[in-house]
$ cat input.cif   # mmCIF, N, CA, C and O atoms
data_start
#
loop_
_atom_site.label_atom_id
_atom_site.label_comp_id
_atom_site.auth_asym_id
_atom_site.auth_seq_id
_atom_site.Cartn_x
_atom_site.Cartn_y
_atom_site.Cartn_z
N MET I 1 0.85 -1.18 0.00
CA MET I 1 0.00 0.00 0.00
C MET I 1 0.89 1.24 0.00
O MET I 1 1.89 1.30 0.71
N MET I 2 0.49 2.23 -0.78
CA MET I 2 1.28 3.46 -0.86
C MET I 2 1.07 4.30 0.39
O MET I 2 -0.03 4.37 0.91
N HIS I 3 2.12 4.92 0.85
CA HIS I 3 2.05 5.83 2.00
C HIS I 3 1.35 7.11 1.56
O HIS I 3 1.43 7.53 0.41
N LEU I 4 0.66 7.75 2.48
CA LEU I 4 -0.10 8.97 2.17
C LEU I 4 0.79 10.04 1.54
O LEU I 4 0.37 10.75 0.63
N ALA I 5 2.03 10.15 2.00
CA ALA I 5 2.94 11.15 1.44
C ALA I 5 3.19 10.91 -0.05
O ALA I 5 3.36 11.84 -0.82
N THR I 6 3.18 9.64 -0.45
CA THR I 6 3.37 9.31 -1.86
C THR I 6 2.17 9.78 -2.68
O THR I 6 2.32 10.28 -3.79
N TRP I 7 0.98 9.65 -2.13
CA TRP I 7 -0.24 10.07 -2.81
C TRP I 7 -0.33 11.58 -2.96
O TRP I 7 -0.93 12.07 -3.90
N THR I 8 0.24 12.31 -2.01
CA THR I 8 0.08 13.76 -2.02
C THR I 8 1.30 14.51 -2.52
O THR I 8 1.24 15.73 -2.67
N ALA I 9 2.41 13.82 -2.76
CA ALA I 9 3.61 14.48 -3.27
C ALA I 9 3.33 15.01 -4.67
O ALA I 9 2.90 14.28 -5.55
N SER I 10 3.54 16.31 -4.86
CA SER I 10 3.18 16.90 -6.14
C SER I 10 4.41 17.25 -6.97
O SER I 10 5.49 17.45 -6.46
N HIS I 11 4.17 17.30 -8.26
CA HIS I 11 5.18 17.67 -9.24
C HIS I 11 4.54 18.69 -10.17
O HIS I 11 3.41 18.52 -10.61
N ARG I 12 5.28 19.74 -10.49
CA ARG I 12 4.74 20.78 -11.35
C ARG I 12 4.88 20.36 -12.81
O ARG I 12 5.94 20.07 -13.31
N VAL I 13 3.72 20.33 -13.50
CA VAL I 13 3.65 19.99 -14.92
C VAL I 13 2.71 21.00 -15.57
O VAL I 13 1.59 21.19 -15.11
N LEU I 14 3.19 21.63 -16.62
CA LEU I 14 2.40 22.64 -17.34
C LEU I 14 1.90 23.74 -16.41
O LEU I 14 0.79 24.25 -16.55
N GLY I 15 2.71 24.09 -15.44
CA GLY I 15 2.37 25.16 -14.52
C GLY I 15 1.39 24.78 -13.42
O GLY I 15 0.95 25.63 -12.66
N LEU I 16 1.02 23.50 -13.35
CA LEU I 16 0.08 23.03 -12.33
C LEU I 16 0.75 21.99 -11.45
O LEU I 16 1.63 21.24 -11.89
N ASP I 17 0.33 21.92 -10.20
CA ASP I 17 0.85 20.92 -9.28
C ASP I 17 0.02 19.64 -9.40
O ASP I 17 -1.19 19.66 -9.19
N TRP I 18 0.70 18.53 -9.75
CA TRP I 18 0.04 17.24 -9.94
C TRP I 18 0.56 16.24 -8.93
O TRP I 18 1.75 16.20 -8.63
N SER I 19 -0.32 15.41 -8.43
CA SER I 19 0.04 14.32 -7.54
C SER I 19 -0.85 13.13 -7.89
O SER I 19 -1.86 13.30 -8.58
N PRO I 20 -0.49 11.93 -7.43
CA PRO I 20 -1.40 10.80 -7.66
C PRO I 20 -2.80 11.08 -7.10
O PRO I 20 -3.79 10.69 -7.70
N LEU I 21 -2.87 11.80 -6.00
CA LEU I 21 -4.16 12.13 -5.41
C LEU I 21 -4.96 13.06 -6.33
O LEU I 21 -6.17 12.88 -6.51
N SER I 22 -4.31 14.05 -6.93
CA SER I 22 -5.03 14.96 -7.82
C SER I 22 -5.50 14.23 -9.08
O SER I 22 -6.60 14.49 -9.58
N VAL I 23 -4.72 13.27 -9.57
CA VAL I 23 -5.13 12.48 -10.72
C VAL I 23 -6.34 11.62 -10.33
O VAL I 23 -7.30 11.49 -11.10
N PHE I 24 -6.32 11.06 -9.13
CA PHE I 24 -7.45 10.28 -8.61
C PHE I 24 -8.70 11.15 -8.53
O PHE I 24 -9.79 10.74 -8.95
N GLY I 25 -8.56 12.37 -8.03
CA GLY I 25 -9.68 13.30 -7.96
C GLY I 25 -10.21 13.67 -9.33
O GLY I 25 -11.42 13.77 -9.53
N LEU I 26 -9.31 13.88 -10.28
CA LEU I 26 -9.74 14.19 -11.65
C LEU I 26 -10.48 13.02 -12.28
O LEU I 26 -11.45 13.21 -13.02
N LEU I 27 -10.04 11.80 -11.99
CA LEU I 27 -10.73 10.61 -12.48
C LEU I 27 -12.16 10.59 -11.93
O LEU I 27 -13.11 10.34 -12.67
N GLY I 28 -12.30 10.85 -10.64
CA GLY I 28 -13.64 10.90 -10.04
C GLY I 28 -14.50 11.96 -10.68
O GLY I 28 -15.68 11.74 -10.95
N ASN I 29 -13.90 13.11 -10.92
CA ASN I 29 -14.65 14.20 -11.55
C ASN I 29 -15.05 13.84 -12.99
O ASN I 29 -16.16 14.15 -13.42
N ALA I 30 -14.16 13.17 -13.71
CA ALA I 30 -14.47 12.76 -15.08
C ALA I 30 -15.61 11.75 -15.10
O ALA I 30 -16.52 11.84 -15.93
N ILE I 31 -15.57 10.78 -14.18
CA ILE I 31 -16.63 9.78 -14.10
C ILE I 31 -17.96 10.46 -13.74
O ILE I 31 -19.00 10.18 -14.34
N PHE I 32 -17.92 11.33 -12.75
CA PHE I 32 -19.12 12.02 -12.31
C PHE I 32 -19.69 12.88 -13.44
O PHE I 32 -20.91 12.92 -13.66
N SER I 33 -18.83 13.54 -14.19
CA SER I 33 -19.28 14.40 -15.29
C SER I 33 -19.78 13.59 -16.48
O SER I 33 -20.68 14.04 -17.20
N ALA I 34 -19.23 12.40 -16.69
CA ALA I 34 -19.62 11.56 -17.83
C ALA I 34 -21.09 11.16 -17.75
O ALA I 34 -21.72 10.90 -18.77
N ARG I 35 -21.64 11.16 -16.56
CA ARG I 35 -23.04 10.77 -16.41
C ARG I 35 -23.97 11.71 -17.18
O ARG I 35 -24.99 11.29 -17.70
N PHE I 36 -23.59 12.98 -17.28
CA PHE I 36 -24.42 13.93 -18.03
C PHE I 36 -24.38 13.64 -19.52
O PHE I 36 -25.38 13.76 -20.21
N LEU I 37 -23.22 13.26 -20.01
CA LEU I 37 -23.09 12.88 -21.42
C LEU I 37 -23.93 11.64 -21.71
O LEU I 37 -24.64 11.59 -22.72
N VAL I 38 -23.88 10.66 -20.82
CA VAL I 38 -24.67 9.44 -20.97
C VAL I 38 -26.16 9.77 -20.99
O VAL I 38 -26.92 9.25 -21.81
N GLN I 39 -26.59 10.64 -20.10
CA GLN I 39 -28.00 11.02 -20.02
C GLN I 39 -28.43 11.76 -21.28
O GLN I 39 -29.50 11.53 -21.82
N TRP I 40 -27.58 12.65 -21.75
CA TRP I 40 -27.89 13.42 -22.94
C TRP I 40 -28.04 12.50 -24.16
O TRP I 40 -29.01 12.59 -24.92
N ILE I 41 -27.10 11.58 -24.34
CA ILE I 41 -27.14 10.65 -25.48
C ILE I 41 -28.39 9.78 -25.40
O ILE I 41 -29.09 9.58 -26.40
N ALA I 42 -28.69 9.26 -24.21
CA ALA I 42 -29.89 8.42 -24.05
C ALA I 42 -31.15 9.21 -24.36
O ALA I 42 -32.07 8.68 -25.01
N SER I 43 -31.21 10.44 -23.92
CA SER I 43 -32.39 11.27 -24.19
C SER I 43 -32.53 11.57 -25.68
O SER I 43 -33.65 11.55 -26.22
N GLU I 44 -31.42 11.84 -26.34
CA GLU I 44 -31.48 12.09 -27.79
C GLU I 44 -31.96 10.85 -28.54
O GLU I 44 -32.74 10.95 -29.47
N ARG I 45 -31.50 9.68 -28.10
CA ARG I 45 -31.92 8.43 -28.75
C ARG I 45 -33.41 8.17 -28.55
O ARG I 45 -34.07 7.65 -29.44
N GLN I 46 -33.92 8.51 -27.37
CA GLN I 46 -35.33 8.27 -27.06
C GLN I 46 -36.24 9.39 -27.57
O GLN I 46 -37.45 9.20 -27.66
N GLY I 47 -35.67 10.53 -27.83
CA GLY I 47 -36.47 11.67 -28.26
C GLY I 47 -37.23 12.32 -27.12
O GLY I 47 -38.18 13.07 -27.34
N GLU I 48 -36.84 12.00 -25.91
CA GLU I 48 -37.43 12.58 -24.71
C GLU I 48 -36.42 12.47 -23.57
O GLU I 48 -35.44 11.74 -23.66
N SER I 49 -36.67 13.19 -22.51
CA SER I 49 -35.75 13.17 -21.38
C SER I 49 -35.86 11.85 -20.62
O SER I 49 -36.94 11.50 -20.15
N VAL I 50 -34.77 11.12 -20.56
CA VAL I 50 -34.70 9.86 -19.81
C VAL I 50 -33.43 9.85 -18.98
O VAL I 50 -32.47 10.56 -19.27
N ILE I 51 -33.46 9.04 -17.94
CA ILE I 51 -32.27 8.86 -17.10
C ILE I 51 -31.92 7.37 -17.12
O ILE I 51 -32.60 6.57 -16.49
N PRO I 52 -30.89 6.99 -17.88
CA PRO I 52 -30.53 5.58 -17.98
C PRO I 52 -29.86 5.06 -16.70
O PRO I 52 -29.37 5.84 -15.88
N LEU I 53 -29.86 3.75 -16.54
CA LEU I 53 -29.20 3.13 -15.38
C LEU I 53 -27.74 3.55 -15.27
O LEU I 53 -27.24 3.75 -14.16
N ALA I 54 -27.08 3.67 -16.41
CA ALA I 54 -25.66 4.04 -16.39
C ALA I 54 -25.45 5.37 -15.67
O ALA I 54 -24.42 5.58 -15.03
N PHE I 55 -26.42 6.28 -15.77
CA PHE I 55 -26.33 7.57 -15.08
C PHE I 55 -26.17 7.36 -13.58
O PHE I 55 -25.33 7.99 -12.94
N TRP I 56 -26.98 6.45 -13.01
CA TRP I 56 -26.93 6.23 -11.57
C TRP I 56 -25.64 5.53 -11.15
O TRP I 56 -25.05 5.87 -10.12
N TYR I 57 -25.17 4.57 -11.95
CA TYR I 57 -23.92 3.88 -11.62
C TYR I 57 -22.72 4.83 -11.71
O TYR I 57 -21.83 4.80 -10.86
N LEU I 58 -22.69 5.66 -12.74
CA LEU I 58 -21.62 6.66 -12.85
C LEU I 58 -21.69 7.66 -11.70
O LEU I 58 -20.66 8.11 -11.19
N SER I 59 -22.90 8.01 -11.29
CA SER I 59 -23.09 8.92 -10.16
C SER I 59 -22.49 8.34 -8.89
O SER I 59 -21.78 9.03 -8.15
N ILE I 60 -22.77 7.06 -8.63
CA ILE I 60 -22.23 6.41 -7.44
C ILE I 60 -20.72 6.33 -7.51
O ILE I 60 -20.02 6.69 -6.55
N ALA I 61 -20.19 5.86 -8.62
CA ALA I 61 -18.73 5.70 -8.76
C ALA I 61 -18.02 7.05 -8.60
O ALA I 61 -17.04 7.16 -7.85
N GLY I 62 -18.51 8.07 -9.29
CA GLY I 62 -17.89 9.39 -9.18
C GLY I 62 -17.98 9.96 -7.78
O GLY I 62 -17.02 10.53 -7.26
N SER I 63 -19.13 9.79 -7.13
CA SER I 63 -19.31 10.30 -5.77
C SER I 63 -18.38 9.62 -4.77
O SER I 63 -17.80 10.28 -3.91
N VAL I 64 -18.25 8.31 -4.88
CA VAL I 64 -17.37 7.57 -3.96
C VAL I 64 -15.92 8.00 -4.14
O VAL I 64 -15.20 8.23 -3.16
N ILE I 65 -15.49 8.13 -5.39
CA ILE I 65 -14.11 8.57 -5.64
C ILE I 65 -13.89 9.98 -5.14
O ILE I 65 -12.89 10.27 -4.48
N LEU I 66 -14.81 10.89 -5.44
CA LEU I 66 -14.64 12.27 -4.99
C LEU I 66 -14.74 12.39 -3.47
O LEU I 66 -13.98 13.15 -2.85
N PHE I 67 -15.61 11.62 -2.85
CA PHE I 67 -15.69 11.59 -1.39
C PHE I 67 -14.34 11.16 -0.81
O PHE I 67 -13.81 11.81 0.10
N THR I 68 -13.77 10.09 -1.35
CA THR I 68 -12.47 9.59 -0.88
C THR I 68 -11.39 10.64 -1.08
O THR I 68 -10.55 10.87 -0.19
N TYR I 69 -11.39 11.27 -2.23
CA TYR I 69 -10.42 12.33 -2.52
C TYR I 69 -10.48 13.43 -1.47
O TYR I 69 -9.46 13.85 -0.92
N PHE I 70 -11.68 13.92 -1.18
CA PHE I 70 -11.82 15.01 -0.21
C PHE I 70 -11.50 14.57 1.22
O PHE I 70 -10.97 15.37 2.00
N VAL I 71 -11.79 13.32 1.56
CA VAL I 71 -11.42 12.82 2.89
C VAL I 71 -9.91 12.81 3.05
O VAL I 71 -9.37 13.28 4.06
N VAL I 72 -9.21 12.31 2.04
CA VAL I 72 -7.73 12.25 2.11
C VAL I 72 -7.14 13.66 2.18
O VAL I 72 -6.16 13.88 2.88
N ARG I 73 -7.76 14.59 1.50
CA ARG I 73 -7.28 15.99 1.54
C ARG I 73 -7.70 16.72 2.81
O ARG I 73 -7.32 17.86 3.01
N HIS I 74 -8.51 16.09 3.63
CA HIS I 74 -9.03 16.71 4.87
C HIS I 74 -9.81 17.98 4.54
O HIS I 74 -9.71 18.98 5.23
N ASP I 75 -10.62 17.88 3.48
CA ASP I 75 -11.42 19.02 3.02
C ASP I 75 -12.86 18.81 3.49
O ASP I 75 -13.59 18.00 2.92
N PRO I 76 -13.29 19.52 4.53
CA PRO I 76 -14.64 19.29 5.05
C PRO I 76 -15.75 19.70 4.09
O PRO I 76 -16.80 19.05 4.06
N VAL I 77 -15.54 20.72 3.30
CA VAL I 77 -16.58 21.16 2.37
C VAL I 77 -16.84 20.08 1.32
O VAL I 77 -17.98 19.68 1.08
N GLY I 78 -15.79 19.62 0.68
CA GLY I 78 -15.94 18.57 -0.34
C GLY I 78 -16.44 17.27 0.25
O GLY I 78 -17.28 16.58 -0.34
N THR I 79 -15.92 16.92 1.42
CA THR I 79 -16.34 15.67 2.07
C THR I 79 -17.83 15.70 2.35
O THR I 79 -18.56 14.77 2.01
N LEU I 80 -18.30 16.76 2.98
CA LEU I 80 -19.73 16.84 3.31
C LEU I 80 -20.61 16.96 2.08
O LEU I 80 -21.77 16.54 2.10
N ALA I 81 -20.07 17.50 1.00
CA ALA I 81 -20.85 17.62 -0.23
C ALA I 81 -21.15 16.26 -0.84
O ALA I 81 -22.18 16.09 -1.49
N TYR I 82 -20.28 15.28 -0.64
CA TYR I 82 -20.45 13.98 -1.27
C TYR I 82 -20.91 12.88 -0.33
O TYR I 82 -21.13 11.75 -0.76
N VAL I 83 -21.09 13.17 0.96
CA VAL I 83 -21.54 12.15 1.90
C VAL I 83 -22.89 11.55 1.52
O VAL I 83 -23.02 10.34 1.39
N PRO I 84 -23.94 12.34 1.31
CA PRO I 84 -25.26 11.74 1.08
C PRO I 84 -25.52 11.28 -0.36
O PRO I 84 -26.45 10.51 -0.59
N ASN I 85 -24.71 11.70 -1.30
CA ASN I 85 -25.01 11.45 -2.71
C ASN I 85 -25.22 9.99 -3.05
O ASN I 85 -26.21 9.63 -3.69
N SER I 86 -24.28 9.14 -2.68
CA SER I 86 -24.36 7.74 -3.08
C SER I 86 -25.60 7.06 -2.52
O SER I 86 -26.15 6.15 -3.14
N PHE I 87 -26.04 7.47 -1.35
CA PHE I 87 -27.26 6.89 -0.77
C PHE I 87 -28.48 7.23 -1.64
O PHE I 87 -29.33 6.38 -1.89
N VAL I 88 -28.53 8.46 -2.11
CA VAL I 88 -29.64 8.88 -2.97
C VAL I 88 -29.59 8.12 -4.30
O VAL I 88 -30.61 7.62 -4.79
N TYR I 89 -28.41 8.00 -4.88
CA TYR I 89 -28.27 7.29 -6.16
C TYR I 89 -28.60 5.81 -6.00
O TYR I 89 -29.28 5.23 -6.85
N ALA I 90 -28.12 5.20 -4.92
CA ALA I 90 -28.43 3.79 -4.66
C ALA I 90 -29.93 3.59 -4.44
O ALA I 90 -30.51 2.60 -4.90
N ARG I 91 -30.56 4.52 -3.76
CA ARG I 91 -32.00 4.43 -3.54
C ARG I 91 -32.75 4.50 -4.87
O ARG I 91 -33.72 3.76 -5.07
N ASN I 92 -32.32 5.35 -5.77
CA ASN I 92 -32.96 5.41 -7.08
C ASN I 92 -32.82 4.08 -7.82
O ASN I 92 -33.78 3.61 -8.44
N LEU I 93 -31.64 3.48 -7.76
CA LEU I 93 -31.45 2.17 -8.39
C LEU I 93 -32.36 1.12 -7.76
O LEU I 93 -32.94 0.29 -8.45
N TRP I 94 -32.48 1.17 -6.44
CA TRP I 94 -33.34 0.22 -5.74
C TRP I 94 -34.79 0.39 -6.18
O TRP I 94 -35.50 -0.59 -6.41
N LEU I 95 -35.25 1.64 -6.28
CA LEU I 95 -36.62 1.90 -6.70
C LEU I 95 -36.86 1.42 -8.13
O LEU I 95 -37.92 0.88 -8.46
N ILE I 96 -35.87 1.59 -9.00
CA ILE I 96 -35.98 1.13 -10.39
C ILE I 96 -36.09 -0.39 -10.42
O ILE I 96 -36.94 -0.96 -11.10
N ARG I 97 -35.25 -1.07 -9.65
CA ARG I 97 -35.28 -2.53 -9.63
C ARG I 97 -36.55 -3.06 -8.97
O ARG I 97 -37.06 -4.10 -9.37
N LYS I 98 -37.06 -2.34 -8.00
CA LYS I 98 -38.31 -2.74 -7.33
C LYS I 98 -39.48 -2.65 -8.31
O LYS I 98 -40.34 -3.52 -8.34
N ARG I 99 -39.49 -1.62 -9.11
CA ARG I 99 -40.55 -1.41 -10.10
C ARG I 99 -40.45 -2.41 -11.23
O ARG I 99 -41.44 -2.90 -11.75
N ASN I 100 -39.23 -2.73 -11.63
CA ASN I 100 -38.98 -3.62 -12.76
C ASN I 100 -37.83 -4.54 -12.40
O ASN I 100 -36.68 -4.15 -12.51
N PRO I 101 -38.10 -5.79 -12.00
CA PRO I 101 -37.04 -6.70 -11.56
C PRO I 101 -35.93 -6.93 -12.59
O PRO I 101 -34.82 -7.24 -12.23
N THR I 102 -36.23 -6.77 -13.86
CA THR I 102 -35.21 -6.88 -14.90
C THR I 102 -35.18 -5.58 -15.68
O THR I 102 -35.70 -5.49 -16.79
N PRO I 103 -34.57 -4.54 -15.08
CA PRO I 103 -34.60 -3.22 -15.73
C PRO I 103 -33.86 -3.21 -17.06
O PRO I 103 -32.89 -3.92 -17.25
N THR I 104 -34.40 -2.42 -17.95
CA THR I 104 -33.72 -2.19 -19.22
C THR I 104 -33.14 -0.79 -19.19
O THR I 104 -33.71 0.12 -18.63
N ASP I 105 -32.00 -0.67 -19.77
CA ASP I 105 -31.30 0.62 -19.79
C ASP I 105 -31.57 1.30 -21.12
O ASP I 105 -31.15 0.81 -22.16
N PRO I 106 -32.28 2.45 -21.11
CA PRO I 106 -32.56 3.16 -22.36
C PRO I 106 -31.29 3.51 -23.14
O PRO I 106 -31.33 3.67 -24.34
N ALA I 107 -30.16 3.61 -22.46
CA ALA I 107 -28.91 3.95 -23.15
C ALA I 107 -28.46 2.83 -24.06
O ALA I 107 -27.66 3.04 -24.96
N ARG I 108 -28.94 1.61 -23.83
CA ARG I 108 -28.53 0.47 -24.66
C ARG I 108 -29.36 0.33 -25.93
O ARG I 108 -29.04 -0.42 -26.80
N ARG I 109 -30.46 1.03 -25.99
CA ARG I 109 -31.35 0.90 -27.15
C ARG I 109 -30.81 1.61 -28.35
O ARG I 109 -30.09 2.51 -28.33
#

$ encode --input "input.cif" --output "structure tokens"
Amino acid sequence: MMHLATWTASHRVLGLDWSPLSVFGLLGNAIFSARFLVQWIASERQGESVIPLAFWYLSIAGSVILFTYFVVRHDPVGTLAYVPNSFVYARNLWLIRKRNPTPTDPARR
């Protein structure tokens, strides 16, 4: 396991300070942001506003990564911003599965 100092040690590249932790945070942000692209594409395919299952899974993955990133950085604002998110996203998935035991993802159509 990498020591925390290894995760936070930064190197200046293109005028910005980069560390493995910042790359991890950017990955979380990219995953979290990708959910909007997935939703947009699914809606365009359906010709109406839809929220595909992939949106909720990307939401959970991005939230967990960003929550972890902010915890490691000891950032209370970011940490508290992502604490409840995954519970809400998981609840939506549960409600979808409860309504339809074999859900179909509009993004796959």

$ resolve_selection --input "input.cif" --expression "the PyMOL selection byres (((chain I and resi 87 and name CA) around 12) and name CA)" --output "PyMOL selection string"
chain I and resi 56-57+59-61+63-64+82-86+88-94

$ closest_residue --input "input.cif" --among "I:Trp18, I:Phe24, I:Arg99, I:Arg12" --to "Phe70 of chain I" --atoms "only C-alpha atoms"
I:Phe24

$ closest_residue --input "input.cif" --among "I:Ser19, I:Leu58, I:Pro76, I:Gly25" --to "Leu37 of chain I" --atoms "only C-alpha atoms"
I:Leu58

$ atom_distance --input "input.cif" --atom1 "atom CA of Ala34 of chain I" --atom2 "atom CA of Leu95 of chain I"
22.5 Å

$ select_by_dssp --input "input.cif" --residues "chain I" --states "strand (DSSP E or B)" --output "PyMOL selection string"
chain I and resi 11-13+16-18

$ atom_distance --input "input.cif" --atom1 "atom CA of Tyr69 of chain I" --atom2 "atom CA of Ser22 of chain I"
8.0 Å

$ closest_residue --input "input.cif" --among "I:Ile96, I:Leu66, I:Val50, I:Leu21" --to "Arg35 of chain I" --atoms "only N, CA, C and O atoms"
I:Val50

$ select_by_dssp --input "input.cif" --residues "segment 4-99 of chain I" --states "alpha helix (DSSP H)" --output "PyMOL selection string"
chain I and resi 4-8+20-46+53-72+76-82+85-99

$ atom_distance --input "input.cif" --atom1 "atom O of Phe32 of chain I" --atom2 "atom CA of Leu53 of chain I"
12.9 Å
